[in-house]
Amino acid sequence: MMKVTVLFFGATADEAGTVNTEFDLPADSSSEEAFDTIISTFPGLTANRDRGDLLYALNREYVSGGEEIKEGDELAVFTAVSGG
Amino acid sequence: MDFYELTTEPIDVGENARRIVPQECGATVTLDGYVRRFTNGRETEYLLYDAYEPMAVKEMEKLVAKAKDKFEISNIGIVHRLGRLEIGETSVVISVAAPHRRAAFEACEWLIKELKSKVPIWKKEVYSDGEVWVEGSKQEKD
């Protein structure tokens with residue numbers, strides 16, 4: 001297993017009930033597997049995911065898919081941004 | 001000099017524009033985005049802005065680099081405010097200095113559009129009878 005940090009912001013922080021948590025993932029997880037595991041731990045987020053409303057970042061970059069997650073990585077889950 | 005920053009302090013719009021101006025420029029376009037009282041007929045009391053700060057700064061840095069590639073402009077300054085903002089307070093300022101105004105207008109419009117779809121910042125609208133995190137329109141990544 002490996003430890004990663006998971007961050008939530010705005011609406012996903014409300015749904016998850018936290019802004020920042022540590023997570024154990026199987027070694028060699030892909031970004032898809034990692035975010036799947038994370039979302040299924042927070043039932044409040046599954047509806048957002050199923051509507052395709054969530055965005056994912058790995059180490060402060062948007063994920064494009066197929067990234068390999070490593071020990072100590074910083075993952076983030078959030079809804080479409082609304083700054084400005 | 002370009003800059004891209006987050007702050008919880010009130011933003012001085014004029015200073016934002018002045019900071020970026022080099023000698024070869026003839027025009028600076030500045031967008032002053034501020035808190036609206038009415039959105040779709042509903043009255044807002046105040047806004048709360050949250051951000052994934054290190055990623056937001058990184059994304060703004062990328063936008064500045066891309067805009068300078070894309071438009072005939074010299075310098076760009078962007079400041080986005082976070083935390084609680086009252087009606088009428090400035091939430092975002094984008095200043096673009098260019099030798100000629102047309103490119104500055106175009107770049108400024110492009111930058112605010114990109115910022116609103118890519119930079120990880122969220123606003124919560126707080127009403128007298130409730131509150132909601134505003135969800136932007138789903139972005140295209142690069």
# chains A, B, ... in the order shown; residues from 1 in each chain; ligands from 1
call {"tool": "interface_residues", "arguments": {"of": "chain A", "to": "chain B", "cutoff": "8 Å", "atoms": "only C-alpha atoms", "output": "PyMOL selection string"}}
result
chain A and resi 9-11+53+60-62+79-84
call {"tool": "write_last_selection", "arguments": {"atoms": "N, CA and C atoms", "output": "compact mmCIF listing (two decimals), in the first residue's frame"}}
result
# COMPACT_ATOMS: atom_id res chain seq x y z
N PHE A 9 -12.47 20.71 -2.33
CA PHE A 9 -12.70 22.16 -2.28
C PHE A 9 -14.18 22.45 -2.52
N GLY A 10 -14.66 23.54 -1.94
CA GLY A 10 -16.01 24.01 -2.22
C GLY A 10 -17.03 22.91 -2.01
N ALA A 11 -17.81 22.64 -3.08
CA ALA A 11 -18.91 21.68 -2.98
C ALA A 11 -18.43 20.28 -2.61
N ASP A 53 -19.78 15.40 -13.11
CA ASP A 53 -19.56 16.76 -12.63
C ASP A 53 -18.21 16.97 -11.96
N ARG A 60 -1.32 18.93 -8.56
CA ARG A 60 -1.63 20.31 -9.00
C ARG A 60 -1.71 20.48 -10.50
N GLU A 61 -1.98 19.36 -11.21
CA GLU A 61 -2.23 19.41 -12.66
C GLU A 61 -3.50 18.61 -12.92
N TYR A 62 -4.32 19.08 -13.88
CA TYR A 62 -5.50 18.29 -14.26
C TYR A 62 -5.05 16.93 -14.77
N THR A 79 -15.50 20.28 -8.23
CA THR A 79 -16.50 20.52 -9.28
C THR A 79 -15.97 21.60 -10.23
N ALA A 80 -16.68 21.78 -11.34
CA ALA A 80 -16.28 22.77 -12.35
C ALA A 80 -16.03 24.11 -11.66
N VAL A 81 -14.95 24.77 -12.04
CA VAL A 81 -14.50 25.95 -11.30
C VAL A 81 -15.43 27.15 -11.59
N SER A 82 -15.48 28.10 -10.67
CA SER A 82 -16.40 29.22 -10.81
C SER A 82 -15.80 30.53 -10.30
N GLY A 83 -14.51 30.72 -10.56
CA GLY A 83 -13.88 31.98 -10.17
C GLY A 83 -14.31 33.12 -11.08
N GLY A 84 -13.72 34.27 -10.84
CA GLY A 84 -14.01 35.44 -11.66
C GLY A 84 -14.97 36.38 -10.96
call {"tool": "residues_around", "arguments": {"residues": "Glu86 of chain B", "least_positions_apart": "6", "cutoff": "8 Å", "atoms": "only C-alpha atoms", "output": "PyMOL selection string"}}
result
chain B and resi 35+45-47
call {"tool": "atom_distance", "arguments": {"atom1": "atom CA of Thr8 of chain B", "atom2": "atom CA of Val126 of chain B"}}
result
18.0 Å
call {"tool": "residues_around", "arguments": {"residues": "Thr28 of chain B", "least_positions_apart": "2", "cutoff": "8 Å", "atoms": "only C-alpha atoms", "output": "MDAnalysis selection string"}}
result
chainID B and resid 17 21 25:26 30 95:98 101 104
call {"tool": "write_last_selection", "arguments": {"atoms": "C-alpha atoms", "output": "short mmCIF file (atom, residue, chain, number, x, y, z; two decimals), in the first residue's frame"}}
result
data_model
loop_
_atom_site.label_atom_id
_atom_site.label_comp_id
_atom_site.auth_asym_id
_atom_site.auth_seq_id
_atom_site.Cartn_x
_atom_site.Cartn_y
_atom_site.Cartn_z
CA ALA B 17 -2.94 48.39 -14.32
CA VAL B 21 3.22 49.05 -18.13
CA CYS B 25 3.13 50.19 -24.73
CA GLY B 26 0.38 52.52 -25.82
CA THR B 30 -8.13 46.38 -17.39
CA SER B 95 -4.68 44.11 -16.87
CA VAL B 96 -3.08 43.68 -20.28
CA ALA B 97 -0.60 46.20 -21.70
CA ALA B 98 0.09 46.22 -25.44
CA ARG B 101 -5.26 48.49 -27.93
CA ALA B 104 -5.05 44.11 -25.37
#
call {"tool": "residues_around", "arguments": {"residues": "Tyr56 of chain A", "least_positions_apart": "2", "cutoff": "10 Å", "atoms": "only C-alpha atoms", "output": "ChimeraX atom specification"}}
result
/A:8,31-32,35,54,58,60-65,75-80
call {"tool": "write_last_selection", "arguments": {"atoms": "C-alpha atoms", "output": "short mmCIF file (atom, residue, chain, number, x, y, z; two decimals), in the first residue's frame"}}
result
data_model
loop_
_atom_site.label_atom_id
_atom_site.label_comp_id
_atom_site.auth_asym_id
_atom_site.auth_seq_id
_atom_site.Cartn_x
_atom_site.Cartn_y
_atom_site.Cartn_z
CA PHE A 8 -11.51 18.62 -1.58
CA SER A 31 -5.30 7.70 -11.60
CA GLU A 32 -8.66 6.15 -12.65
CA PHE A 35 -10.12 8.35 -7.91
CA LEU A 54 -16.19 16.08 -11.04
CA LEU A 58 -2.78 15.03 -9.54
CA ARG A 60 -1.63 20.31 -9.00
CA GLU A 61 -2.23 19.41 -12.66
CA TYR A 62 -5.50 18.29 -14.26
CA VAL A 63 -5.39 14.54 -14.89
CA SER A 64 -5.74 13.42 -18.48
CA GLY A 65 -6.00 9.70 -17.63
CA LEU A 75 -4.77 14.22 -5.40
CA ALA A 76 -7.69 16.62 -5.58
CA VAL A 77 -11.39 16.26 -6.42
CA PHE A 78 -13.56 19.26 -7.24
CA THR A 79 -16.50 20.52 -9.28
CA ALA A 80 -16.28 22.77 -12.35
#
call {"tool": "atom_distance", "arguments": {"atom1": "atom CA of Gly83 of chain B", "atom2": "atom CA of Arg18 of chain B"}}
result
24.9 Å
call {"tool": "select_by_dssp", "arguments": {"residues": "segment 4-72 of chain A", "states": "strand (DSSP E)", "output": "list in words"}}
result
Val4, Thr5, Val6, Leu7, Phe8, Asn20, Thr21, Glu22, Phe23, Asp24, Leu25, Leu54, Leu55, Tyr56, Ala57, Leu58, Glu61 and Tyr62 of chain A
